[in-house]
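The structure appears below as structure tokens.
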Amino acid sequence: MIELTREELKRHLGAPIFGQVGDTADELGLECYVVGGYVRDLFLQRPSQDIDIVVVGSGIAMAEALGRRLGHGAKVAVFKNFGTAQVKYRDMEVEFVGARKESYSRDSRKPIVEDGTLEDDQNRRDFTINALAICLNRTRFGELVDPFGGVDDLRERVVRTPLDPDITFSDDPLRMMRCIRFATQLNFHIDDETFESLCRNRERIGIISRERVADELNKIILAPTPSKGFIDLDRCGLLSLIFPELVALQGVEARNGRKHKDNFYHTLEVLDNISQRTDNLWLRWAALLHDIAKPTTKRWEPKAGWTFHNHNFIGEKMVPVLFKRMKLPMNEKMKYVQKLVGLHMRPIAIADDEVTDSAVRRLLFEAGDDIDDLMTLCEADITSKNSERKQRFLNNFKLVRRKLKDLEEKDRIRNFQPPVSGEEIMEIFGLPPSREVGALKSAIKDAILDGVIPNEHDPARAYLLERAKKMGLEPRHG
Ligand code: ATP
């Protein structure tokens, strides 16, 4: 965070649009302020796209007057139902809203809204750091209005509600998710009183739509160190309400002195690891869910100790169920996460053993274009504290990656197309579509993946004739 005097704030608001907004407001005789995230991010030196303007009066009238002042290049969109308007000008997007006062009923996060003062408007904001306003009127241009010590909280790196947190959170429980989201994105601490209120009000999350909760969860997952958010969600008891399957990963059990690892903390470590390598939300989701079926598959086997057989396959089956409940997209993103969860053990199994061509070819065949993401997931999954063991796995992964590259160049397995098609097989032997055709096709595929024949038409055809002969099939034309 940087300290900014009024003169410096003026300079930061040097883009002509701010002056034009201020002049328009002066003309209409209205007070107007830039507020919220934009101001917070000025102090934090974070890039900010949205400019939110509060007008003490009609936001819509203000946007329309600004549109007239800017002329042709400006596009004004009015949202009458919300009492807001947006002005697009060059590469800027500015949102206008009239200052408002809000009051809430117990069973809805939709408030009753009345016109209000700037103070009313700042009172309805979620956190002190989001309640900062800077005046844009000519005579007060650059004047900061900070009634709740928001700048002090930015300096101390604290998320705190402006009013009694029990009221702020109970009025609109989505703010509980936003609280943890901002703390995670900004790497801030949640003020103690605010945190205790999260614990007390957690059940109120029930009135929030699952889509909204998922939006916030996605923002937490996309933060630089997402584990921080999940630990806060867990500590205040929200996690068990919105994502009980993750909580079920917690705990260590010991038998005969043998312990398994705590899969919750392991999962969070994998998520943090992968977040250093990728901003792909769905790859991060795959990291979060890779071991999700461990609790249901956990067994004690006297010889082997703790086992989690098939947790990858069961996890793959859980992905659509979870996505549906959490209102995440049920499309190719979900299928991608499913595939990675299902395959996440494969590179480890290969790297643990001798790295054979045929195992690598099969992996490449099944992962297709997602092979690089799968390898990234598996590397993130190595959280062993034994540095020798860790190094051995990482070295073997390097070998797997090298082999993947070699074989890919040689065999083009990634987007495998059988060199002899089903139609050709039917034509050669005069067969209708049948199980035999399928069996011959997969025999060719296996021979290529095992390196018995190259991925080329003629050798595949010769191999086909040989295999068919053993099944008692002869080609139609000799
Ligand atoms: P980001 O764009 O990174 O999400 P932001 O602070 O701009 O951050 P928005 O959701 O765009 O977040 O909200 C803009 C401003 O509106 C916030 O800074 C805050 O002052 C206010 N706000 C948004 N949602 C709420 C809410 N649920 N309760 C109270 N105030 C809110």
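Following the order of the structure tokens, first chain is A, next is B, and so on, with residues numbered from 1 inside each chain and ligands from 1 in the order they appear.
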(request) Name each residue within 8 Å of ligand 1, counting only C-alpha atoms and all ligand atoms, as a VMD selection string. (result) chain A and resid 35 to 38 40 48 to 50 52 122 124 to 127 129 to 132 168 172 to 175 178 182
(request) Enumerate the residues of segment 163-228 of chain A with a DSSP assignment of alpha helix (DSSP H), computed from the backbone, and present them as a PyMOL selection string. (result) chain A and resi 165-171+174-186+192-201+210-221+227-228
(message) Show me, as a ChimeraX atom specification, the residues that have an atom within 6 Å of Leu249 of chain A when counting only C-alpha atoms, minus same-chain residues fewer than 2 positions from it.
(response) /A:246-247,263-264
Per residue of segment 213-300 of chain A within 9 Å of segment 189-198 of chain A, record the nearest atom pair and its distance in Å to one decimal, counting only C-alpha atoms, with rows in chain order and ascending residue number, as CSV.
residue,atom,partner,partner_atom,distance
A:Asp232,CA,A:Phe195,CA,8.9
A:Cys236,CA,A:Leu198,CA,6.0
A:Gly237,CA,A:Leu198,CA,8.3
A:Leu238,CA,A:Leu198,CA,8.2
Let me see the file: selected residues, C-alpha atoms, as a PDB file, in the first residue's frame.
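Everything below was put into part20.pdb:
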ATOM      1  CA  ASP A 232     -10.398 -19.398   6.830  1.00  0.00           C
ATOM      2  CA  CYS A 236     -15.254 -20.203  10.681  1.00  0.00           C
ATOM      3  CA  GLY A 237     -17.374 -23.252   9.836  1.00  0.00           C
ATOM      4  CA  LEU A 238     -18.538 -22.107   6.397  1.00  0.00           C
TER       5      LEU A 238
END
(message) Going by DSSP on the backbone, which residues of segment 75-313 of chain A come out as strand (DSSP E)? List them as JSON, numbers by chain.
(response) {"A": [75, 76, 77, 78, 79, 84, 85, 86, 87, 88, 89, 92, 93, 94, 95, 96, 97, 98, 100, 101, 102, 103, 112, 113, 114, 115, 133, 134, 135, 144, 145, 158, 159, 189, 190, 254, 255, 258, 259, 299, 300, 301, 305, 306, 307]}
(message) Considering only C-alpha atoms, can you say which of A:Glu216, A:Asp406, A:Asp146, A:Asp373 comes closest to Leu343 of chain A?
(response) A:Asp373
(request) Skip Pro329 of chain A itself and residues of its chain fewer than 6 positions away, then list as an MDAnalysis selection string all residues within 12 Å of it, counting only C-alpha atoms. (result) chainID A and resid 211 214:215 218 282 319:323 335:337
(message) Give me the residues near segment 374-388 of chain A as a list in words, where near means some atom within 7 Å (using only C-alpha atoms) and where sequence neighbours in that chain fewer than 3 positions away do not count.
(response) Val270, Asn273, Ile274, Ala287, Leu340, His344, Pro347, Ile348, Asp370, Ile371, Gln391, Arg392 and Leu394 of chain A
Could you dump the residues just selected with C-alpha atoms as a short mmCIF file (atom, residue, chain, number, x, y, z; two decimals), in the first residue's frame?
data_model
loop_
_atom_site.label_atom_id
_atom_site.label_comp_id
_atom_site.auth_asym_id
_atom_site.auth_seq_id
_atom_site.Cartn_x
_atom_site.Cartn_y
_atom_site.Cartn_z
CA VAL A 270 -1.26 -29.34 -4.08
CA ASN A 273 1.69 -25.70 -5.76
CA ILE A 274 -0.34 -25.76 -8.95
CA ALA A 287 -6.06 -30.11 -7.95
CA LEU A 340 -7.71 -35.21 -14.80
CA HIS A 344 -4.04 -38.33 -11.80
CA PRO A 347 2.03 -40.67 -14.31
CA ILE A 348 2.98 -41.41 -10.70
CA ASP A 370 -4.62 -32.56 -21.74
CA ILE A 371 -1.36 -34.43 -21.18
CA GLN A 391 13.65 -35.56 -6.10
CA ARG A 392 13.38 -39.12 -7.38
CA LEU A 394 10.56 -35.21 -10.07
#
Which polymer residues have any atom within 8 Å of an atom of Leu281 of chain A, counting only C-alpha atoms, with same-chain residues fewer than 2 positions away left out, as a PDB file with all heavy atoms, in the first residue's frame?
ATOM      1  N   ASN A 218     -14.724 -19.529  -6.733  1.00  0.00           N
ATOM      2  CA  ASN A 218     -13.818 -19.489  -7.886  1.00  0.00           C
ATOM      3  C   ASN A 218     -12.786 -18.378  -7.735  1.00  0.00           C
ATOM      4  O   ASN A 218     -11.622 -18.548  -8.100  1.00  0.00           O
ATOM      5  CB  ASN A 218     -14.602 -19.287  -9.184  1.00  0.00           C
ATOM      6  CG  ASN A 218     -15.289 -20.561  -9.630  1.00  0.00           C
ATOM      7  OD1 ASN A 218     -14.910 -21.662  -9.209  1.00  0.00           O
ATOM      8  ND2 ASN A 218     -16.291 -20.441 -10.470  1.00  0.00           N
ATOM      9  N   ILE A 221     -10.228 -19.602  -5.375  1.00  0.00           N
ATOM     10  CA  ILE A 221      -9.362 -20.595  -6.031  1.00  0.00           C
ATOM     11  C   ILE A 221      -8.366 -19.913  -6.964  1.00  0.00           C
ATOM     12  O   ILE A 221      -7.241 -20.378  -7.140  1.00  0.00           O
ATOM     13  CB  ILE A 221     -10.227 -21.641  -6.784  1.00  0.00           C
ATOM     14  CG1 ILE A 221     -11.017 -22.468  -5.773  1.00  0.00           C
ATOM     15  CG2 ILE A 221      -9.386 -22.538  -7.688  1.00  0.00           C
ATOM     16  CD1 ILE A 221     -12.029 -23.414  -6.387  1.00  0.00           C
ATOM     17  N   LEU A 222      -8.760 -18.774  -7.537  1.00  0.00           N
ATOM     18  CA  LEU A 222      -7.859 -18.074  -8.475  1.00  0.00           C
ATOM     19  C   LEU A 222      -6.879 -17.128  -7.779  1.00  0.00           C
ATOM     20  O   LEU A 222      -6.059 -16.488  -8.440  1.00  0.00           O
ATOM     21  CB  LEU A 222      -8.680 -17.305  -9.507  1.00  0.00           C
ATOM     22  CG  LEU A 222      -9.242 -18.170 -10.636  1.00  0.00           C
ATOM     23  CD1 LEU A 222     -10.184 -17.348 -11.517  1.00  0.00           C
ATOM     24  CD2 LEU A 222      -8.130 -18.781 -11.488  1.00  0.00           C
ATOM     25  N   ASP A 279      -2.863 -20.347 -14.133  1.00  0.00           N
ATOM     26  CA  ASP A 279      -4.047 -19.573 -13.753  1.00  0.00           C
ATOM     27  C   ASP A 279      -5.310 -20.196 -14.339  1.00  0.00           C
ATOM     28  O   ASP A 279      -6.367 -19.571 -14.357  1.00  0.00           O
ATOM     29  CB  ASP A 279      -3.930 -18.128 -14.258  1.00  0.00           C
ATOM     30  CG  ASP A 279      -2.893 -17.352 -13.474  1.00  0.00           C
ATOM     31  OD1 ASP A 279      -2.707 -17.667 -12.279  1.00  0.00           O
ATOM     32  OD2 ASP A 279      -2.254 -16.448 -14.054  1.00  0.00           O
ATOM     33  N   LEU A 283      -7.967 -26.326 -14.021  1.00  0.00           N
ATOM     34  CA  LEU A 283      -6.834 -27.150 -13.583  1.00  0.00           C
ATOM     35  C   LEU A 283      -6.673 -27.014 -12.064  1.00  0.00           C
ATOM     36  O   LEU A 283      -6.385 -27.978 -11.356  1.00  0.00           O
ATOM     37  CB  LEU A 283      -5.558 -26.718 -14.331  1.00  0.00           C
ATOM     38  CG  LEU A 283      -4.288 -27.524 -14.077  1.00  0.00           C
ATOM     39  CD1 LEU A 283      -4.510 -29.023 -14.183  1.00  0.00           C
ATOM     40  CD2 LEU A 283      -3.167 -27.097 -15.035  1.00  0.00           C
ATOM     41  N   ARG A 284      -6.925 -25.807 -11.555  1.00  0.00           N
ATOM     42  CA  ARG A 284      -6.889 -25.621 -10.104  1.00  0.00           C
ATOM     43  C   ARG A 284      -8.009 -26.433  -9.431  1.00  0.00           C
ATOM     44  O   ARG A 284      -7.820 -27.022  -8.381  1.00  0.00           O
ATOM     45  CB  ARG A 284      -6.972 -24.134  -9.750  1.00  0.00           C
ATOM     46  CG  ARG A 284      -5.712 -23.369 -10.143  1.00  0.00           C
ATOM     47  CD  ARG A 284      -5.758 -21.948  -9.629  1.00  0.00           C
ATOM     48  NE  ARG A 284      -4.584 -21.176 -10.016  1.00  0.00           N
ATOM     49  CZ  ARG A 284      -4.204 -20.060  -9.414  1.00  0.00           C
ATOM     50  NH1 ARG A 284      -4.881 -19.584  -8.399  1.00  0.00           N
ATOM     51  NH2 ARG A 284      -3.137 -19.407  -9.822  1.00  0.00           N
ATOM     52  N   TRP A 285      -9.186 -26.465 -10.079  1.00  0.00           N
ATOM     53  CA  TRP A 285     -10.278 -27.295  -9.549  1.00  0.00           C
ATOM     54  C   TRP A 285      -9.867 -28.774  -9.518  1.00  0.00           C
ATOM     55  O   TRP A 285     -10.177 -29.507  -8.581  1.00  0.00           O
ATOM     56  CB  TRP A 285     -11.558 -27.127 -10.384  1.00  0.00           C
ATOM     57  CG  TRP A 285     -12.521 -26.146  -9.796  1.00  0.00           C
ATOM     58  CD1 TRP A 285     -12.718 -24.859 -10.198  1.00  0.00           C
ATOM     59  CD2 TRP A 285     -13.403 -26.346  -8.673  1.00  0.00           C
ATOM     60  NE1 TRP A 285     -13.657 -24.251  -9.398  1.00  0.00           N
ATOM     61  CE2 TRP A 285     -14.101 -25.142  -8.458  1.00  0.00           C
ATOM     62  CE3 TRP A 285     -13.664 -27.429  -7.829  1.00  0.00           C
ATOM     63  CZ2 TRP A 285     -15.047 -24.982  -7.445  1.00  0.00           C
ATOM     64  CZ3 TRP A 285     -14.609 -27.265  -6.806  1.00  0.00           C
ATOM     65  CH2 TRP A 285     -15.278 -26.069  -6.631  1.00  0.00           C
TER      66      TRP A 285
END
(message) Applying 12 Å and only C-alpha atoms, which residues near Gln86 of chain A remain after dropping the ones on its own chain fewer than 4 positions away? List them as a PyMOL selection string.
(response) chain A and resi 50-54+59-67+74-80+82+92-97
(request) Provide the atom CA of Glu269 of chain A to atom CA of Leu233 of chain A distance in Å, to one decimal place. (result) 15.8 Å
(request) For atom CA of Ala85 of chain A and atom CA of Ala15 of chain A, determine how far apart the two atoms are, in Å to one decimal place. (result)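 Computed distance, atom CA of Ala85 of chain A to atom CA of Ala15 of chain A, equals 20.2 Å.
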(request) Would you mind reading off the distance between atom CA of Leu268 of chain A and atom CA of Trp306 of chain A, one decimal, in Å? (result)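 Separation between atom CA of Leu268 of chain A and atom CA of Trp306 of chain A: 20.7 Å.
With distances restricted to only C-alpha atoms, A:Cys179 is the closest residue to Thr128 of chain A from A:Cys179, A:Val55, A:Val87, A:Val213.
Among the candidate residues A:Asn312, A:Asn81, A:Asn415, A:Thr117, the one lying nearest to Gly57 of chain A is A:Thr117, with distances computed using only C-alpha atoms.
Using only C-alpha atoms for every distance, the candidate list A:Glu203, A:Asp171, A:Ala133, A:His311 yields A:Ala133 as the residue closest to Phe148 of chain A.
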(request) May I ask which of the residues A:Thr356, A:Asn137, A:Asn310, A:Thr184 is the closest one to Leu28 of chain A, counting only C-alpha atoms? (result) A:Asn137
